[in-house]
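Colleague: This is input.txt (compact mmCIF, C-alpha atoms and all ligand atoms).
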```
# COMPACT_ATOMS: atom_id res chain seq x y z
CA MET A 1 25.93 -100.22 77.51
CA ASP A 2 24.93 -98.26 80.58
CA ARG A 3 28.27 -96.51 80.73
CA GLY A 4 27.94 -95.61 77.04
CA ARG A 5 24.49 -94.08 77.53
CA GLY A 6 25.80 -92.19 80.56
CA LYS A 7 28.59 -90.71 78.41
CA ILE A 8 26.14 -89.44 75.78
CA THR A 9 23.96 -87.87 78.45
CA LEU A 10 26.96 -86.12 79.99
CA ARG A 11 28.05 -84.79 76.59
CA LYS A 12 24.52 -83.53 75.92
CA ALA A 13 24.45 -81.84 79.29
CA VAL A 14 27.76 -80.10 78.59
CA ILE A 15 26.52 -78.96 75.16
CA ARG A 16 23.40 -77.55 76.79
CA LEU A 17 25.50 -75.75 79.40
CA ILE A 18 27.63 -73.88 76.82
CA PRO A 19 24.97 -71.36 75.74
CA LEU A 20 24.01 -70.81 79.37
CA LEU A 21 27.62 -70.08 80.36
CA TRP A 22 28.04 -67.79 77.33
CA TRP A 23 24.88 -65.90 78.25
CA LEU A 24 25.99 -65.57 81.89
CA GLY A 25 29.42 -64.31 80.82
CA CYS A 26 27.96 -61.69 78.49
CA SER A 27 25.45 -60.54 81.08
CA LEU A 28 28.07 -59.64 83.67
CA PRO A 29 28.71 -55.89 83.72
CA THR A 30 32.48 -56.37 83.77
CA SER A 31 32.53 -58.61 80.69
CA THR A 32 34.32 -56.52 78.07
CA GLY A 33 34.47 -59.00 75.20
CA CYS A 34 30.72 -58.76 74.69
CA THR A 35 30.14 -55.07 75.23
CA THR A 36 29.51 -53.97 71.66
CA ASN A 37 27.00 -56.70 70.93
CA THR A 38 25.09 -57.47 74.04
CA ASP A 39 25.53 -54.67 76.57
CA SER A 40 22.07 -53.54 77.40
CA GLY A 41 21.09 -50.35 79.15
CA TYR A 42 20.31 -48.10 76.21
CA GLU A 43 16.62 -47.42 76.64
CA GLY A 44 16.32 -51.15 77.16
CA MET A 45 17.99 -52.05 73.88
CA SER A 46 21.57 -53.13 73.19
CA PHE A 47 24.14 -50.51 72.19
CA LYS A 48 24.38 -52.24 68.81
CA ALA A 49 20.64 -51.92 68.21
CA ALA A 50 20.77 -48.25 69.29
CA ARG A 51 23.66 -47.67 66.88
CA ASN A 52 21.77 -49.26 63.98
CA ARG A 53 18.77 -47.05 64.73
CA MET A 54 21.01 -43.97 64.91
CA VAL A 55 22.45 -44.71 61.47
CA THR A 56 19.03 -45.30 59.91
CA GLU A 57 17.11 -42.42 61.48
CA GLN A 58 19.71 -39.70 62.01
CA ILE A 59 22.14 -40.32 59.18
CA ARG A 60 20.75 -42.30 56.24
CA GLN A 61 17.38 -40.53 56.35
CA ARG A 62 19.13 -37.13 56.34
CA GLY A 63 20.81 -37.91 53.05
CA ILE A 64 24.20 -39.49 53.80
CA ARG A 65 24.65 -42.00 50.99
CA ASP A 66 28.30 -43.13 51.14
CA GLU A 67 27.96 -46.78 52.19
CA ARG A 68 31.50 -46.82 53.62
CA VAL A 69 30.62 -43.92 55.92
CA LEU A 70 27.33 -45.56 56.94
CA HIS A 71 29.18 -48.79 57.66
CA ALA A 72 31.86 -47.02 59.72
CA LEU A 73 29.22 -45.36 61.90
CA THR A 74 27.44 -48.69 62.28
CA THR A 75 30.70 -50.30 63.40
CA VAL A 76 32.48 -47.88 65.77
CA PRO A 77 31.22 -48.31 69.37
CA ARG A 78 30.47 -44.62 70.03
CA HIS A 79 29.40 -45.32 73.64
CA LEU A 80 32.97 -46.30 74.55
CA PHE A 81 34.15 -42.78 73.60
CA ILE A 82 31.61 -41.14 75.93
CA PRO A 83 32.19 -40.63 79.69
CA PRO A 84 30.16 -43.18 81.73
CA ALA A 85 27.83 -40.47 83.09
CA TYR A 86 26.51 -39.77 79.57
CA ARG A 87 26.91 -43.22 78.05
CA ASN A 88 23.18 -43.89 77.95
CA GLN A 89 22.85 -40.90 75.59
CA ALA A 90 25.68 -42.06 73.30
CA TYR A 91 23.38 -42.67 70.32
CA ASP A 92 21.18 -39.60 70.81
CA ASP A 93 20.94 -36.95 68.10
CA GLY A 94 23.34 -34.37 69.56
CA PRO A 95 26.80 -33.54 70.90
CA LEU A 96 27.85 -34.67 74.41
CA PRO A 97 30.43 -33.47 76.96
CA ILE A 98 33.76 -35.34 76.98
CA GLY A 99 35.47 -33.40 79.79
CA GLN A 100 37.85 -30.40 79.76
CA GLY A 101 34.95 -28.24 78.51
CA GLN A 102 34.97 -30.07 75.15
CA THR A 103 32.31 -32.06 73.27
CA ILE A 104 32.03 -35.01 70.93
CA SER A 105 30.14 -33.93 67.78
CA GLN A 106 26.60 -34.96 66.91
CA PRO A 107 26.69 -38.28 64.96
CA TYR A 108 25.17 -36.68 61.84
CA ILE A 109 27.93 -34.02 61.73
CA VAL A 110 30.59 -36.74 62.05
CA ALA A 111 28.97 -38.56 59.12
CA LEU A 112 28.54 -35.40 57.01
CA MET A 113 32.14 -34.25 57.45
CA SER A 114 33.46 -37.77 56.84
CA GLU A 115 31.43 -38.09 53.63
CA ARG A 116 32.54 -34.68 52.33
CA LEU A 117 36.19 -35.75 52.66
CA GLU A 118 35.49 -38.23 49.81
CA LEU A 119 37.62 -41.07 51.14
CA GLY A 120 38.15 -44.24 49.14
CA GLY A 121 40.52 -46.07 51.50
CA ASP A 122 44.02 -45.13 50.26
CA GLU A 123 44.27 -41.65 51.75
CA ILE A 124 46.49 -40.06 54.37
CA VAL A 125 44.21 -37.93 56.57
CA LEU A 126 44.95 -35.24 59.16
CA GLU A 127 42.42 -34.44 61.88
CA ILE A 128 42.67 -31.34 64.09
CA GLY A 129 40.90 -31.79 67.44
CA THR A 130 41.10 -35.44 68.52
CA GLY A 131 38.81 -34.91 71.53
CA SER A 132 37.39 -38.31 72.48
CA GLY A 133 38.99 -40.04 69.47
CA TYR A 134 35.60 -41.02 67.98
CA GLN A 135 35.93 -39.10 64.70
CA ALA A 136 39.48 -40.48 64.36
CA ALA A 137 38.14 -44.04 64.79
CA VAL A 138 35.55 -43.43 62.07
CA LEU A 139 38.23 -42.02 59.75
CA SER A 140 40.51 -44.97 60.44
CA LEU A 141 37.93 -47.23 58.76
CA LEU A 142 37.72 -44.92 55.73
CA ALA A 143 41.38 -44.11 55.01
CA LYS A 144 44.81 -45.72 55.02
CA GLN A 145 46.41 -43.61 57.76
CA VAL A 146 45.07 -41.00 60.15
CA TYR A 147 47.10 -38.39 62.06
CA SER A 148 45.10 -36.62 64.74
CA ILE A 149 46.30 -33.59 66.74
CA GLU A 150 44.90 -32.57 70.13
CA ILE A 151 45.97 -29.52 72.16
CA VAL A 152 44.70 -30.68 75.60
CA PRO A 153 47.19 -33.23 77.03
CA GLU A 154 44.59 -35.15 79.09
CA LEU A 155 42.31 -35.66 76.08
CA MET A 156 45.26 -36.59 73.88
CA SER A 157 46.41 -39.31 76.32
CA SER A 158 42.98 -40.82 76.90
CA ALA A 159 42.11 -40.86 73.19
CA ARG A 160 45.48 -42.38 72.30
CA GLU A 161 45.02 -45.10 74.91
CA LEU A 162 41.41 -45.90 73.94
CA LEU A 163 42.13 -46.04 70.19
CA ALA A 164 45.06 -48.41 70.81
CA GLN A 165 42.97 -50.55 73.15
CA LEU A 166 40.20 -50.86 70.54
CA GLY A 167 42.71 -51.78 67.84
CA TYR A 168 42.50 -48.69 65.60
CA ASP A 169 46.14 -49.21 64.65
CA ASN A 170 46.28 -46.80 61.71
CA VAL A 171 45.61 -43.75 63.89
CA THR A 172 48.51 -41.71 65.30
CA VAL A 173 47.45 -39.27 68.03
CA LEU A 174 49.74 -36.27 68.52
CA LEU A 175 49.90 -33.45 71.08
CA GLY A 176 50.14 -29.99 69.58
CA ASP A 177 48.50 -26.91 68.10
CA GLY A 178 46.59 -28.01 65.03
CA ASN A 179 46.78 -24.50 63.57
CA LEU A 180 50.28 -25.49 62.50
CA GLY A 181 49.18 -28.78 61.00
CA TRP A 182 51.71 -31.61 61.05
CA GLU A 183 54.28 -30.92 58.40
CA LYS A 184 56.32 -34.08 58.88
CA ASP A 185 53.78 -36.44 57.29
CA SER A 186 52.27 -33.98 54.79
CA PRO A 187 50.89 -33.61 52.17
CA TYR A 188 47.44 -34.89 53.20
CA ASP A 189 44.73 -36.08 50.84
CA ALA A 190 42.15 -34.88 53.33
CA ILE A 191 42.18 -32.62 56.40
CA ILE A 192 39.32 -32.25 58.88
CA VAL A 193 39.10 -29.65 61.65
CA THR A 194 36.58 -30.45 64.40
CA ALA A 195 36.70 -27.08 66.18
CA ALA A 196 35.57 -23.69 64.84
CA ALA A 197 38.48 -21.72 63.37
CA PRO A 198 38.50 -17.90 63.53
CA ARG A 199 40.25 -18.02 60.13
CA ILE A 200 41.46 -20.75 57.81
CA PRO A 201 44.89 -21.81 59.14
CA PRO A 202 47.36 -21.17 56.26
CA ALA A 203 49.52 -24.18 57.28
CA LEU A 204 46.60 -26.52 56.59
CA LEU A 205 46.21 -25.21 53.04
CA GLU A 206 49.94 -25.63 52.50
CA GLN A 207 49.89 -29.21 53.79
CA LEU A 208 46.95 -30.20 51.58
CA ALA A 209 47.87 -32.38 48.57
CA GLU A 210 46.88 -31.38 45.04
CA GLY A 211 43.24 -32.49 44.69
CA GLY A 212 42.96 -32.69 48.49
CA ARG A 213 39.91 -31.67 50.55
CA LEU A 214 39.89 -29.59 53.75
CA VAL A 215 36.61 -29.65 55.70
CA LEU A 216 36.35 -27.20 58.59
CA PRO A 217 33.97 -24.92 60.48
CA VAL A 218 34.96 -21.25 60.15
CA VAL A 219 33.61 -18.36 62.25
CA ARG A 220 32.07 -15.57 60.15
CA GLY A 221 30.43 -12.85 62.22
CA GLU A 222 28.07 -14.51 64.67
CA GLU A 223 27.85 -17.70 62.61
CA GLN A 224 29.92 -20.79 61.97
CA HIS A 225 30.01 -22.07 58.40
CA LEU A 226 31.09 -25.57 57.50
CA LEU A 227 33.39 -25.17 54.49
CA ARG A 228 34.98 -27.58 52.07
CA LEU A 229 38.12 -26.27 50.38
CA ARG A 230 39.59 -28.19 47.49
CA LYS A 231 43.06 -27.65 46.04
CA ARG A 232 42.78 -27.62 42.26
CA ASN A 233 45.84 -26.83 40.16
CA GLY A 234 47.32 -25.13 43.20
CA ARG A 235 44.24 -22.90 43.65
CA ILE A 236 41.65 -23.18 46.43
CA VAL A 237 37.99 -23.71 45.54
CA GLU A 238 35.51 -23.08 48.37
CA GLU A 239 32.07 -24.63 48.97
CA ASN A 240 29.75 -23.76 51.85
CA LEU A 241 28.12 -26.84 53.41
CA GLY A 242 25.88 -24.93 55.84
CA LEU A 243 25.69 -23.60 59.39
CA VAL A 244 27.13 -25.59 62.29
CA HIS A 245 28.06 -25.16 65.94
CA PHE A 246 31.47 -26.26 67.27
CA VAL A 247 33.69 -25.48 70.26
CA PRO A 248 36.42 -22.95 69.32
CA LEU A 249 39.77 -23.82 67.79
CA VAL A 250 42.25 -22.27 70.20
CA GLY A 251 45.91 -21.31 69.80
CA GLY A 252 47.19 -20.17 66.45
CA ASP A 253 49.09 -17.14 67.70
CA SER A 254 52.57 -18.57 67.18
N1 LIG A 301 36.70 -34.85 67.01
C1 LIG A 301 36.38 -34.92 68.41
C2 LIG A 301 35.58 -33.77 68.93
C3 LIG A 301 36.34 -32.53 68.90
S1 LIG A 301 35.92 -31.28 70.06
C4 LIG A 301 35.69 -36.21 68.77
O1 LIG A 301 35.39 -37.03 67.88
O2 LIG A 301 35.44 -36.40 69.95
C5 LIG A 301 37.21 -30.19 69.57
C6 LIG A 301 38.57 -30.59 70.07
O3 LIG A 301 39.51 -29.70 69.48
C7 LIG A 301 38.73 -30.45 71.58
O4 LIG A 301 39.19 -31.65 72.11
C8 LIG A 301 39.77 -29.34 71.73
O5 LIG A 301 40.61 -29.51 72.83
C9 LIG A 301 40.53 -29.46 70.42
N2 LIG A 301 41.27 -28.27 70.00
C10 LIG A 301 40.90 -26.96 70.11
N3 LIG A 301 41.84 -26.18 69.58
C11 LIG A 301 42.82 -27.00 69.10
C12 LIG A 301 44.06 -26.78 68.43
N4 LIG A 301 44.50 -25.56 68.14
N5 LIG A 301 44.80 -27.85 68.09
C13 LIG A 301 44.38 -29.11 68.37
N6 LIG A 301 43.24 -29.37 69.02
C14 LIG A 301 42.46 -28.34 69.38
```
Is it possible to give me this structure as structure tokens?

Modeller:
Amino acid sequence: MDRGRGKITLRKAVIRLIPLLWWLGCSLPTSTGCTTNTDSGYEGMSFKAARNRMVTEQIRQRGIRDERVLHALTTVPRHLFIPPAYRNQAYDDGPLPIGQGQTISQPYIVALMSERLELGGDEIVLEIGTGSGYQAAVLSLLAKQVYSIEIVPELMSSARELLAQLGYDNVTVLLGDGNLGWEKDSPYDAIIVTAAAPRIPPALLEQLAEGGRLVLPVVRGEEQHLLRLRKRNGRIVEENLGLVHFVPLVGGDS
């Protein structure tokens, strides 16, 4: 009888220890399995809570309605795409440096451009300007396959590695000049350019499928206009989505 009671007590003790061990594990700074849910350090709240607040206050309240886009921004751990020095600003309402003189776009702009691509889940998408890989990760949750081109080798390698590590398996990161697009896997249902183009790259219009959407910032005078171009019966229909501010799209002379 005594031995039996002892056994029950031991089992109870072990059961009580499990949550304590779990909590300890998740509290260690090196514990990666818990980072997206329990990492604290964002103005005292978890990254997940900061991300939820970002989506509500910066994105939903500014008029983004596509639930798939809202869900993608709620899901992708933006802080992991930001250099450690700026990580505690990952869910702030603005762009941030990502090294090599480049920036990750403001969350609202990522959401706006993603929504304007009108993705339902079956599309092949081309992105020009991989940068940190964050926009590519968001697109990977909205489309079937994403090709993303980056011109700076260091950014290309780190984004490729991070996206693979986080399991965004339907993203292919390529090194090259996005002005030329990526003919091999064209035509694309949607193309997004995340750097300001001095003119609309003709190769991107050629590689756009019939009915496809190209969303890109274009420099006009002193301003940058976010445009959506749609291919309809082989013709291009242009819409202006407003003023934006992006780093320049380089290259394009070949
Ligand atoms: N989408 C990125 C942010 C892009 S910043 C993100 O989510 O983090 C713009 C990026 O475009 C920079 O990384 C820059 O190196 C890249 N870029 C500029 N000109 C380019 C070109 N011609 N082809 C491909 N990438 C280019």

Colleague: Contacts of A:Thr194 at 8 Å or less, counting all atoms listed in the file, minus same-chain residues fewer than 6 places along, as an NGL selection string?

Modeller: :A and (127-130 or 216-217 or 246)

Colleague: Could you check the closest approach to ligand LIG 301 (chain A) for each of A:Asp177, A:Asp169, A:Asp185, A:Glu123 and tell me which residue wins, using all atoms listed in the file?

Modeller: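 Among the listed residues, the smallest separation from ligand LIG 301 (chain A) belongs to A:Asp177.
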
Colleague: Calculated over only C-alpha atoms, which of the candidates A:Asp93, A:Glu115, A:Glu67, A:Asp253 has the smallest distance to A:Gln135?

Modeller: A:Glu115

Colleague: So what do you get for atom CA of A:Gly242 versus atom CA of A:His225, distance-wise?

Modeller: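 Separating atom CA of A:Gly242 from atom CA of A:His225 is a distance of 5.6 Å.
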
Colleague: Kindly provide, as a PyMOL selection string, all nucleotide and amino acid residues lying within 7 Å of ligand LIG 301 (chain A), counting only C-alpha atoms and all ligand atoms.

Modeller: chain A and resi 102-105+128-136+149-152+155+176-179+194-195+247-252

Colleague: Which residue gives the smallest distance to A:Arg60 among A:Ile236, A:Val218, A:Ala111, A:Ala72, with only C-alpha atoms counted?

Modeller: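 Closest candidate: A:Ala111.
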
Colleague: Which residue out of A:Ala90, A:Val55, A:Val69, A:Val173 has the minimum interatomic distance to A:Leu139 when only C-alpha atoms are used?

Modeller: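 Ranked by minimum distance to A:Leu139, first place goes to A:Val69.
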
Colleague: Using only C-alpha atoms for the distances, tell me which of A:Arg68, A:Arg62, A:Arg235, A:Arg116 is nearest to A:Leu214.

Modeller: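 Closest candidate: A:Arg116.
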
Colleague: Do you have, as JSON lines, the list of residues of stretch 160-232 of chain A lying at most 8 Å from stretch 140-145 of chain A, each with its nearest atom pair and that distance in Å to one decimal, counting all atoms listed in the file and ordered by chain then number?

Modeller:
```
{"residue": "A:Tyr168", "atom": "CA", "partner": "A:Ser140", "partner_atom": "CA", "distance": 6.7}
{"residue": "A:Asn170", "atom": "CA", "partner": "A:Gln145", "partner_atom": "CA", "distance": 5.1}
{"residue": "A:Val171", "atom": "CA", "partner": "A:Gln145", "partner_atom": "CA", "distance": 6.2}
```

Colleague: Quick one, how far is atom CA of A:Arg87 from atom CA of A:Gly167?

Modeller: 20.7 Å

Colleague: Atom CA of A:Pro97 to atom CA of A:Glu223: how many Å, to one decimal?

Modeller: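 Atom CA of A:Pro97 sits 21.5 Å away from atom CA of A:Glu223.
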